[in-house]
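To be precise, the following lines are start18.cif, and they hold mmCIF, C-alpha atoms (C1' of nucleotides).
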```cif
data_model
loop_
_atom_site.label_atom_id
_atom_site.label_comp_id
_atom_site.auth_asym_id
_atom_site.auth_seq_id
_atom_site.Cartn_x
_atom_site.Cartn_y
_atom_site.Cartn_z
CA MET B 1 57.89 95.36 4.45
CA ALA B 2 55.27 92.89 3.32
CA PRO B 3 51.84 93.47 4.81
CA ARG B 4 49.24 90.71 4.72
CA PRO B 5 51.52 88.05 3.30
CA GLY B 6 48.64 85.97 1.99
CA LEU B 7 49.11 86.33 -1.74
CA SER B 8 52.16 86.28 -3.93
CA ARG B 9 52.83 85.83 -7.58
CA ASP B 10 54.24 82.37 -7.05
CA LEU B 11 51.27 81.26 -4.99
CA ILE B 12 48.85 82.51 -7.61
CA VAL B 13 50.69 80.71 -10.38
CA LYS B 14 50.90 77.52 -8.37
CA THR B 15 47.20 77.67 -7.55
CA ALA B 16 46.37 78.25 -11.19
CA ALA B 17 48.53 75.29 -12.15
CA ASP B 18 46.75 73.07 -9.64
CA LEU B 19 43.35 74.17 -10.90
CA LEU B 20 44.37 73.67 -14.50
CA ASP B 21 44.08 69.91 -14.56
CA GLU B 22 40.98 69.57 -12.42
CA ALA B 23 38.88 72.31 -13.97
CA ASP B 24 36.29 71.04 -16.37
CA GLY B 25 35.92 74.15 -18.50
CA ARG B 26 38.17 75.15 -21.34
CA GLU B 27 40.04 77.75 -19.29
CA VAL B 28 40.83 78.47 -15.69
CA THR B 29 39.30 81.81 -14.79
CA LEU B 30 40.74 84.42 -12.51
CA GLY B 31 37.59 84.04 -10.45
CA GLN B 32 38.30 80.36 -9.83
CA ILE B 33 41.85 81.13 -8.83
CA ALA B 34 40.77 83.90 -6.49
CA ALA B 35 38.11 81.68 -4.94
CA ALA B 36 40.62 78.90 -4.35
CA LEU B 37 42.79 81.45 -2.56
CA GLY B 38 39.89 82.85 -0.53
CA VAL B 39 40.21 86.26 -2.08
CA ARG B 40 38.37 88.54 -4.50
CA THR B 41 39.34 88.58 -8.15
CA PRO B 42 40.78 92.11 -8.36
CA SER B 43 43.18 91.33 -5.54
CA LEU B 44 45.12 89.14 -7.93
CA TYR B 45 46.06 92.25 -9.88
CA ASN B 46 48.34 93.36 -7.06
CA HIS B 47 50.64 90.49 -7.97
CA ILE B 48 50.06 89.61 -11.59
CA ASP B 49 49.56 91.87 -14.53
CA GLY B 50 46.46 90.28 -16.01
CA GLN B 51 45.87 87.07 -17.87
CA ASP B 52 48.82 87.26 -20.20
CA ASP B 53 51.15 87.64 -17.29
CA LEU B 54 49.55 84.65 -15.61
CA LEU B 55 50.08 82.63 -18.78
CA ARG B 56 53.74 83.62 -18.77
CA GLY B 57 54.00 82.52 -15.15
CA LEU B 58 52.30 79.23 -15.89
CA ALA B 59 54.64 78.56 -18.80
CA VAL B 60 57.66 79.12 -16.59
CA PHE B 61 56.17 76.95 -13.86
CA ALA B 62 55.44 74.17 -16.34
CA VAL B 63 58.86 74.27 -17.97
CA ARG B 64 60.54 74.15 -14.58
CA GLU B 65 58.52 71.15 -13.53
CA LEU B 66 59.19 69.40 -16.80
CA GLY B 67 62.88 70.18 -16.49
CA ALA B 68 63.03 68.85 -12.96
CA ARG B 69 61.39 65.62 -14.02
CA ILE B 70 63.60 64.88 -16.96
CA SER B 71 66.69 65.82 -14.98
CA ARG B 72 65.70 63.33 -12.33
CA ALA B 73 64.98 60.70 -14.96
CA ALA B 74 68.41 61.08 -16.51
CA ILE B 75 70.37 60.67 -13.30
CA GLY B 76 72.65 57.67 -13.36
CA ARG B 77 71.95 56.83 -16.97
CA THR B 78 73.81 57.41 -20.20
CA GLY B 79 73.35 57.04 -23.93
CA GLU B 80 70.27 55.31 -25.24
CA ASP B 81 69.23 54.39 -21.73
CA ALA B 82 69.20 58.04 -20.66
CA ILE B 83 67.36 59.27 -23.74
CA LEU B 84 64.65 56.68 -23.32
CA ALA B 85 64.27 57.59 -19.66
CA ILE B 86 63.93 61.25 -20.55
CA GLY B 87 61.42 60.46 -23.22
CA HIS B 88 59.43 58.43 -20.76
CA ALA B 89 59.49 61.16 -18.12
CA TYR B 90 58.51 63.76 -20.69
CA ARG B 91 55.53 61.78 -21.82
CA GLN B 92 54.53 60.89 -18.30
CA PHE B 93 54.46 64.52 -17.31
CA ALA B 94 52.23 65.32 -20.25
CA HIS B 95 49.90 62.50 -19.24
CA GLU B 96 49.74 63.45 -15.59
CA ARG B 97 49.24 67.15 -16.14
CA PRO B 98 48.06 67.60 -19.71
CA ARG B 99 46.84 71.17 -19.37
CA LEU B 100 49.92 72.26 -17.49
CA TYR B 101 52.06 70.64 -20.15
CA GLN B 102 50.18 72.55 -22.83
CA ALA B 103 50.62 75.75 -20.85
CA SER B 104 54.37 75.32 -21.21
CA LEU B 105 54.00 76.36 -24.84
CA ARG B 106 51.22 78.90 -24.55
CA ALA B 107 53.23 81.83 -23.30
CA PRO B 108 52.30 85.08 -25.04
CA ASP B 109 55.95 86.09 -25.09
CA PRO B 110 58.35 83.19 -25.76
CA ASP B 111 61.31 85.53 -25.53
CA HIS B 112 60.65 86.40 -21.90
CA GLN B 113 63.84 85.97 -19.94
CA ALA B 114 62.37 83.86 -17.12
CA LEU B 115 61.05 81.41 -19.68
CA ILE B 116 64.34 81.24 -21.51
CA ASP B 117 66.12 80.59 -18.23
CA ALA B 118 63.72 77.80 -17.33
CA SER B 119 64.12 76.22 -20.75
CA GLU B 120 67.85 76.28 -20.29
CA GLU B 121 67.69 73.51 -17.71
CA ILE B 122 65.95 71.25 -20.18
CA LEU B 123 68.50 72.07 -22.85
CA ASP B 124 71.31 71.35 -20.39
CA VAL B 125 69.96 67.89 -19.73
CA LEU B 126 69.55 67.16 -23.41
CA ARG B 127 73.05 68.38 -24.18
CA LEU B 128 74.35 66.13 -21.46
CA VAL B 129 72.71 62.96 -22.70
CA LEU B 130 73.80 63.70 -26.25
CA LYS B 131 77.41 64.10 -25.20
CA PRO B 132 78.41 60.46 -25.78
CA TYR B 133 77.46 60.80 -29.42
CA GLN B 134 80.17 63.39 -29.92
CA LEU B 135 78.23 65.60 -32.25
CA SER B 136 79.60 68.82 -33.64
CA PRO B 137 78.11 71.93 -31.99
CA GLU B 138 75.82 72.41 -34.93
CA ASP B 139 74.83 68.77 -35.16
CA GLN B 140 74.04 68.88 -31.49
CA ILE B 141 71.59 71.70 -32.01
CA HIS B 142 69.90 69.86 -34.83
CA ALA B 143 69.69 66.76 -32.66
CA ILE B 144 68.16 68.63 -29.74
CA ARG B 145 65.58 70.23 -31.97
CA GLY B 146 64.79 66.83 -33.38
CA LEU B 147 64.46 65.14 -30.03
CA ARG B 148 62.23 67.86 -28.66
CA SER B 149 60.11 67.72 -31.80
CA LEU B 150 59.71 63.98 -31.46
CA MET B 151 58.65 64.08 -27.87
CA HIS B 152 56.43 67.09 -28.13
CA GLY B 153 54.81 66.03 -31.37
CA PHE B 154 54.01 62.57 -30.15
CA VAL B 155 52.53 63.49 -26.79
CA SER B 156 50.77 66.46 -28.27
CA LEU B 157 49.01 64.40 -30.92
CA GLU B 158 48.31 61.76 -28.34
CA LEU B 159 46.66 64.26 -25.98
CA ALA B 160 44.63 65.71 -28.82
CA GLY B 161 43.22 62.26 -29.46
CA GLY B 162 45.05 61.96 -32.75
CA PHE B 163 45.96 58.30 -32.47
CA GLY B 164 42.75 56.49 -33.01
CA LEU B 165 43.70 52.98 -34.00
CA PRO B 166 43.94 50.17 -31.50
CA VAL B 167 47.64 49.66 -31.88
CA ASP B 168 49.96 49.90 -28.91
CA ILE B 169 50.82 53.54 -28.40
CA ASP B 170 53.67 52.89 -25.98
CA GLU B 171 55.28 50.82 -28.66
CA SER B 172 54.92 53.58 -31.25
CA TYR B 173 56.67 55.99 -28.93
CA ARG B 174 59.43 53.57 -28.07
CA ARG B 175 60.13 52.95 -31.74
CA LEU B 176 60.17 56.63 -32.53
CA LEU B 177 62.76 57.26 -29.85
CA THR B 178 64.95 54.29 -30.63
CA GLY B 179 64.84 55.12 -34.31
CA PHE B 180 66.04 58.60 -33.55
CA ILE B 181 68.80 57.31 -31.32
CA ARG B 182 70.04 54.94 -33.98
CA GLY B 183 70.16 57.87 -36.34
CA LEU B 184 72.42 59.65 -33.88
CA GLN B 185 74.76 56.72 -33.66
CA ARG B 186 75.12 56.73 -37.40
CA GLU B 187 75.76 60.44 -37.44
CA GLY B 188 78.19 60.79 -34.54
CA GLY B 189 80.94 58.46 -33.51
CA ALA B 190 79.50 56.44 -30.62
CA MET T 1 13.15 75.78 -48.87
CA ALA T 2 16.03 78.04 -47.92
CA PRO T 3 14.99 81.59 -47.18
CA ARG T 4 17.57 84.36 -47.19
CA PRO T 5 20.50 82.28 -48.35
CA GLY T 6 23.08 84.64 -46.92
CA LEU T 7 24.58 82.57 -44.18
CA SER T 8 25.53 78.95 -43.96
CA ARG T 9 27.62 76.84 -41.70
CA ASP T 10 30.36 76.52 -44.29
CA LEU T 11 30.48 80.24 -44.91
CA ILE T 12 30.73 80.97 -41.21
CA VAL T 13 33.54 78.49 -40.76
CA LYS T 14 35.38 79.81 -43.79
CA THR T 15 35.02 83.39 -42.59
CA ALA T 16 36.27 82.41 -39.16
CA ALA T 17 39.24 80.68 -40.76
CA ASP T 18 40.08 83.77 -42.77
CA LEU T 19 39.84 85.98 -39.71
CA LEU T 20 41.96 83.60 -37.67
CA ASP T 21 45.30 84.56 -39.13
CA GLU T 22 44.72 88.29 -39.45
CA ALA T 23 43.13 88.92 -36.06
CA ASP T 24 45.49 90.42 -33.54
CA GLY T 25 43.78 89.17 -30.38
CA ARG T 26 44.15 85.77 -28.88
CA GLU T 27 40.82 84.51 -30.16
CA VAL T 28 38.45 85.26 -32.97
CA THR T 29 35.15 86.34 -31.47
CA LEU T 30 31.71 85.56 -32.77
CA GLY T 31 31.18 89.30 -33.00
CA GLN T 32 34.11 89.66 -35.41
CA ILE T 33 32.81 86.84 -37.55
CA ALA T 34 29.31 88.27 -37.61
CA ALA T 35 30.64 91.72 -38.48
CA ALA T 36 32.70 90.31 -41.34
CA LEU T 37 29.52 88.71 -42.66
CA GLY T 38 27.46 91.86 -42.22
CA VAL T 39 25.17 90.25 -39.70
CA ARG T 40 24.41 90.36 -35.97
CA THR T 41 26.05 87.90 -33.62
CA PRO T 42 23.00 85.87 -32.61
CA SER T 43 22.24 85.14 -36.25
CA LEU T 44 25.20 82.81 -36.30
CA TYR T 45 23.36 80.52 -33.91
CA ASN T 46 20.97 79.55 -36.65
CA HIS T 47 23.81 77.69 -38.31
CA ILE T 48 26.32 76.77 -35.67
CA ASP T 49 25.75 75.46 -32.20
CA GLY T 50 27.97 77.84 -30.27
CA GLN T 51 31.71 78.20 -29.97
CA ASP T 52 32.53 74.54 -29.53
CA ASP T 53 30.71 73.69 -32.70
CA LEU T 54 32.61 76.42 -34.51
CA LEU T 55 35.87 74.96 -33.24
CA ARG T 56 34.85 71.57 -34.57
CA GLY T 57 34.09 73.14 -37.92
CA LEU T 58 37.40 74.95 -37.98
CA ALA T 59 39.27 71.76 -37.19
CA VAL T 60 37.61 69.97 -40.07
CA PHE T 61 38.27 72.89 -42.39
CA ALA T 62 41.93 73.00 -41.37
CA VAL T 63 42.47 69.27 -41.71
CA ARG T 64 40.89 69.30 -45.16
CA GLU T 65 43.11 72.14 -46.31
CA LEU T 66 46.17 70.45 -44.89
CA GLY T 67 45.18 67.20 -46.54
CA ALA T 68 44.67 68.87 -49.90
CA ARG T 69 48.08 70.47 -49.71
CA ILE T 70 50.03 67.38 -48.84
CA SER T 71 48.13 65.34 -51.43
CA ARG T 72 49.10 67.87 -54.06
CA ALA T 73 52.69 67.86 -52.86
CA ALA T 74 52.95 64.11 -53.14
CA ILE T 75 51.69 63.87 -56.70
CA GLY T 76 54.27 62.44 -59.07
CA ARG T 77 56.75 61.61 -56.36
CA THR T 78 57.69 58.46 -54.51
CA GLY T 79 59.82 57.32 -51.62
CA GLU T 80 62.09 59.77 -49.90
CA ASP T 81 61.27 62.40 -52.47
CA ALA T 82 57.56 62.19 -51.69
CA ILE T 83 58.02 62.20 -47.94
CA LEU T 84 60.21 65.28 -48.08
CA ALA T 85 57.70 67.04 -50.29
CA ILE T 86 54.92 66.22 -47.87
CA GLY T 87 56.98 67.42 -44.96
CA HIS T 88 57.68 70.64 -46.78
CA ALA T 89 54.03 71.22 -47.63
CA TYR T 90 52.99 70.44 -44.07
CA ARG T 91 55.41 72.95 -42.65
CA GLN T 92 54.56 75.54 -45.25
CA PHE T 93 50.89 75.32 -44.39
CA ALA T 94 51.70 75.85 -40.71
CA HIS T 95 53.80 78.86 -41.61
CA GLU T 96 51.24 80.43 -43.88
CA ARG T 97 48.26 79.91 -41.62
CA PRO T 98 49.61 79.28 -38.14
CA ARG T 99 46.38 79.80 -36.25
CA LEU T 100 44.39 77.71 -38.68
CA TYR T 101 46.98 74.98 -38.38
CA GLN T 102 46.66 75.08 -34.61
CA ALA T 103 42.89 74.94 -34.94
CA SER T 104 43.28 71.58 -36.64
CA LEU T 105 44.11 70.10 -33.25
CA ARG T 106 41.87 72.17 -31.02
CA ALA T 107 38.59 70.37 -31.65
CA PRO T 108 36.62 69.81 -28.46
CA ASP T 109 35.61 66.38 -29.73
CA PRO T 110 38.38 64.56 -31.63
CA ASP T 111 36.07 61.59 -32.21
CA HIS T 112 33.63 63.59 -34.29
CA GLN T 113 32.93 61.74 -37.50
CA ALA T 114 33.51 64.67 -39.86
CA LEU T 115 36.93 65.20 -38.34
CA ILE T 116 37.82 61.55 -38.60
CA ASP T 117 36.74 61.56 -42.24
CA ALA T 118 38.87 64.61 -42.98
CA SER T 119 41.86 63.05 -41.25
CA GLU T 120 41.42 59.97 -43.36
CA GLU T 121 42.63 61.78 -46.46
CA ILE T 122 45.87 62.67 -44.73
CA LEU T 123 46.29 59.11 -43.57
CA ASP T 124 45.64 57.85 -47.10
CA VAL T 125 48.43 60.01 -48.47
CA LEU T 126 50.83 58.90 -45.78
CA ARG T 127 49.97 55.26 -46.32
CA LEU T 128 50.60 55.74 -49.99
CA VAL T 129 54.05 57.24 -49.67
CA LEU T 130 55.04 54.60 -47.16
CA LYS T 131 54.02 51.80 -49.50
CA PRO T 132 57.46 51.40 -51.12
CA TYR T 133 58.95 50.56 -47.73
CA GLN T 134 56.78 47.46 -47.52
CA LEU T 135 56.03 47.71 -43.86
CA SER T 136 53.79 45.27 -42.03
CA PRO T 137 50.34 46.72 -41.22
CA GLU T 138 51.42 47.34 -37.68
CA ASP T 139 54.77 48.80 -38.63
CA GLN T 140 52.97 51.09 -41.00
CA ILE T 141 50.83 52.47 -38.21
CA HIS T 142 53.88 53.07 -36.04
CA ALA T 143 55.57 54.80 -38.96
CA ILE T 144 52.60 57.07 -39.65
CA ARG T 145 52.37 58.04 -36.02
CA GLY T 146 56.07 58.77 -36.04
CA LEU T 147 55.98 60.86 -39.16
CA ARG T 148 53.02 62.89 -37.97
CA SER T 149 54.75 63.40 -34.62
CA LEU T 150 57.89 64.64 -36.31
CA MET T 151 56.15 67.10 -38.51
CA HIS T 152 53.70 68.37 -35.95
CA GLY T 153 56.25 68.56 -33.17
CA PHE T 154 58.73 70.48 -35.23
CA VAL T 155 56.40 73.08 -36.67
CA SER T 156 54.57 73.40 -33.41
CA LEU T 157 57.71 74.18 -31.45
CA GLU T 158 58.83 76.45 -34.24
CA LEU T 159 55.60 78.42 -34.16
CA ALA T 160 55.76 78.69 -30.39
CA GLY T 161 59.16 80.31 -30.74
CA GLY T 162 60.92 77.33 -29.23
CA PHE T 163 63.94 77.37 -31.50
CA GLY T 164 65.95 80.31 -30.35
CA LEU T 165 69.44 79.71 -31.60
CA PRO T 166 70.70 81.16 -34.85
CA VAL T 167 71.18 77.83 -36.55
CA ASP T 168 69.46 77.03 -39.81
CA ILE T 169 65.99 75.80 -39.01
CA ASP T 170 65.26 74.47 -42.49
CA GLU T 171 68.31 72.28 -42.13
CA SER T 172 67.12 70.94 -38.77
CA TYR T 173 63.83 69.95 -40.31
CA ARG T 174 65.42 68.36 -43.34
CA ARG T 175 67.68 66.27 -41.14
CA LEU T 176 64.83 65.18 -38.94
CA LEU T 177 62.88 63.95 -41.94
CA THR T 178 65.77 62.26 -43.70
CA GLY T 179 66.81 60.60 -40.47
CA PHE T 180 63.33 59.20 -40.10
CA ILE T 181 63.28 57.99 -43.69
CA ARG T 182 66.56 56.22 -43.29
CA GLY T 183 65.10 54.49 -40.26
CA LEU T 184 62.27 53.24 -42.45
CA GLN T 185 64.67 51.86 -45.00
CA ARG T 186 66.41 49.91 -42.29
CA GLU T 187 63.14 48.59 -40.98
CA GLY T 188 61.37 47.70 -44.19
CA GLY T 189 62.80 46.19 -47.30
CA ALA T 190 63.29 49.10 -49.71
"C1'" DT V 1 51.90 105.18 19.29
"C1'" DT V 2 51.55 107.06 14.84
"C1'" DG V 3 51.81 107.11 10.03
"C1'" DC V 4 52.71 105.20 5.68
"C1'" DC V 5 51.90 102.08 2.01
"C1'" DA V 6 51.06 98.06 -0.19
"C1'" DA V 7 47.37 94.76 -0.27
"C1'" DA V 8 42.93 93.71 -0.28
"C1'" DC V 9 38.35 95.38 -0.94
"C1'" DT V 10 33.86 97.28 -3.31
"C1'" DA V 11 31.91 99.27 -7.26
"C1'" DA V 12 31.74 100.07 -11.96
"C1'" DT V 13 32.68 99.18 -16.97
"C1'" DA V 14 33.40 96.71 -21.21
"C1'" DT V 15 33.47 92.63 -23.85
"C1'" DC V 16 31.69 88.14 -24.79
"C1'" DA V 17 28.71 84.19 -25.47
"C1'" DT V 18 24.30 82.73 -25.20
"C1'" DT V 19 19.07 82.56 -24.83
"C1'" DA V 20 14.28 84.38 -25.44
"C1'" DG V 21 11.17 86.27 -28.04
"C1'" DT V 22 9.87 89.11 -32.32
"C1'" DT V 23 9.89 90.28 -37.13
"C1'" DT V 24 10.40 89.21 -41.94
"C1'" DA V 25 11.72 87.27 -46.27
"C1'" DT V 26 11.08 83.47 -49.31
"C1'" DG V 27 9.68 79.13 -51.15
"C1'" DA V 28 5.53 76.21 -51.24
"C1'" DT V 29 0.53 75.84 -51.59
"C1'" DT V 30 -3.80 77.07 -52.87
"C1'" DA D 1 -1.62 85.87 -57.87
"C1'" DA D 2 -2.46 85.72 -53.07
"C1'" DT D 3 -1.59 83.49 -48.88
"C1'" DC D 4 0.86 80.62 -45.51
"C1'" DA D 5 4.35 78.36 -43.06
"C1'" DT D 6 8.87 78.39 -41.70
"C1'" DA D 7 13.49 79.24 -41.20
"C1'" DA D 8 16.54 83.16 -40.85
"C1'" DA D 9 17.59 87.24 -39.18
"C1'" DC D 10 16.67 90.69 -35.75
"C1'" DT D 11 16.35 93.24 -30.92
"C1'" DA D 12 16.61 92.82 -26.12
"C1'" DA D 13 18.15 90.74 -22.08
"C1'" DT D 14 21.19 87.79 -19.12
"C1'" DG D 15 25.28 86.00 -17.16
"C1'" DA D 16 30.15 85.32 -17.11
"C1'" DT D 17 34.57 87.34 -17.38
"C1'" DA D 18 38.54 90.50 -17.32
"C1'" DT D 19 39.92 94.81 -16.09
"C1'" DT D 20 40.15 99.59 -13.95
"C1'" DA D 21 39.08 103.20 -10.40
"C1'" DG D 22 38.79 104.46 -6.13
"C1'" DT D 23 38.34 103.16 -1.00
"C1'" DT D 24 39.59 100.77 3.16
"C1'" DT D 25 42.74 98.44 6.17
"C1'" DG D 26 46.35 95.83 8.27
"C1'" DG D 27 51.13 95.54 9.54
"C1'" DC D 28 55.87 97.23 9.62
"C1'" DA D 29 59.01 101.41 10.50
"C1'" DA D 30 59.84 105.48 12.68
#
```

Once more with this new file: its structure as structure tokens, please.
Amino acid sequence: MAPRPGLSRDLIVKTAADLLDEADGREVTLGQIAAALGVRTPSLYNHIDGQDDLLRGLAVFAVRELGARISRAAIGRTGEDAILAIGHAYRQFAHERPRLYQASLRAPDPDHQALIDASEEILDVLRLVLKPYQLSPEDQIHAIRGLRSLMHGFVSLELAGGFGLPVDIDESYRRLLTGFIRGLQREGGA
Amino acid sequence: MAPRPGLSRDLIVKTAADLLDEADGREVTLGQIAAALGVRTPSLYNHIDGQDDLLRGLAVFAVRELGARISRAAIGRTGEDAILAIGHAYRQFAHERPRLYQASLRAPDPDHQALIDASEEILDVLRLVLKPYQLSPEDQIHAIRGLRSLMHGFVSLELAGGFGLPVDIDESYRRLLTGFIRGLQREGGA
DNA sequence: TTGCCAAACTAATATCATTAGTTTATGATT
DNA sequence: AATCATAAACTAATGATATTAGTTTGGCAA
């Protein structure tokens, strides 16, 4: 039922993701992906529906990887400890695979179900670590938005070269996170 | 000394910026810019040095516009009031011109002097509104990085469609900012 | 063994950015 | 006022890329 099982959507996306952070150019081309797979460019179209579809796939791939990492980081930790660990894992992922990290937000269609599903794992983890602060359902949503904004904004500016001055960047990030956490403690009960 | 004064680097950049947020495609092409200026594509090369140079120009243009807006917003205000006004202006700019806002961080060369100069105006404003909190020079840098991260992270996720739930987004942003400000008050003296 | 069908291929097209080389308008010079 | 030099705009050509059309082929099912 599956002749010539060389290619598949997942393999193409994974190959593209691998190329993403080694390629020198601004974009990974379908030609590069095909070459890495030992195949001609049009063959990719049997499995993906053009560039936009590839971008969607990459976004899902990236969000899954990010989710896996922060889940792992949170294991066995609670409260401030857990949030800092997640923040660290988040930033580390962005450092290790900057282009893949950026791809996580470059999906042409953010409402695509697969992407929403993948994001759900991240949200689950965040909800879990916020539990001790006993926020109301609405406060929890505000807090999650805030935490994601912090992490994304910081690493995003950092990757864009936005922090020029010779002052410890790790320390800036640590302060940003701890400041946010203290704000939670004030707000909730913990 | 300047024959046929039709085109100029500034005009090209401005035209590109205008096209940015009306174009439907993913990118603004040199052909679209040339057409909008009533000129053939290669003519642009007399004034800009290819796409990368255009991106640099767009980044500078965007940062200047952003800087002008937040400066204006801060006039006549101090402390929490000023910071909230800046945050509002920042987010409003991103809403009004989302692609131009994104271009402010897409420069191929973040160390380019013109871009650094343009960013300096933003930093000046932020330094000014943080003055009442009497932070040490180093604390001030951490605070500026934090504030920029907050604002950029939030609007960036918002633009990417990252906030799905039907909970008031304005409120999330307001809380994020006020939480940060309260952290400053704890840290500094004010 | 045969036939079907998806998967991979070749060939062709359209859109871009970019470079080379030509023409021309305009300010400067005689 | 006439001419010249030069930068600005042009046409033409090239190379890279995504995408589509149409052909070939390999592997599973009957």

**Item:** Hits of the PyMOL selection byres ((chain V) within 9 of (chain B)) in this structure, as a list in words
**Value:** DA6, DA7, DA8 and DC9 of chain V

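Proximity to chain B was assessed for T:Arg97, T:Arg26, T:Lys14, T:Arg64 counting all atoms listed in the file; the smallest distance is recorded for T:Arg26.
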
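With all atoms listed in the file as the atoms that count, the residue of B:Ala85, B:Val167, B:Leu30, B:Ala107 with the shortest distance to chain D is B:Leu30.
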
**Asked** Applied to the shown file, which residues does the PyMOL selection byres ((chain B and resi 132-146) around 7) return, written as an NGL selection string?
**Response** (:B and (79 or 126 or 129-131 or 147-150 or 184-185 or 188-190)) or (:T and (172 or 176))

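Proximity to DG3 of chain V at 12 Å, evaluated using all atoms listed in the file and with sequence-adjacent residues fewer than 3 positions away removed, yields DG27, DC28, DA29 and DA30 of chain D.
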
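Taking only C-alpha atoms (C1' of nucleotides), the non-local environment of DT23 of chain V within 10 Å (same-chain residues fewer than 5 positions away omitted) comprises DA9, DC10 and DT11 of chain D.
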
Can you write out the residues you just picked, keeping C-alpha atoms (C1' of nucleotides), as a CSV table (one decimal), keeping the file's coordinate frame?
```
chain,number,residue,atom,x,y,z
D,9,DA,C1',17.6,87.2,-39.2
D,10,DC,C1',16.7,90.7,-35.8
D,11,DT,C1',16.4,93.2,-30.9
```

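The gap separating atom CA of Ser104 of chain B from atom CA of Gly76 of chain B is 26.6 Å, in Å to one decimal.
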
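Using all atoms listed in the file, the nearest neighbour of chain T within the list B:Ser71, B:Gln51, B:Thr15, B:Gln32 is B:Gln51.
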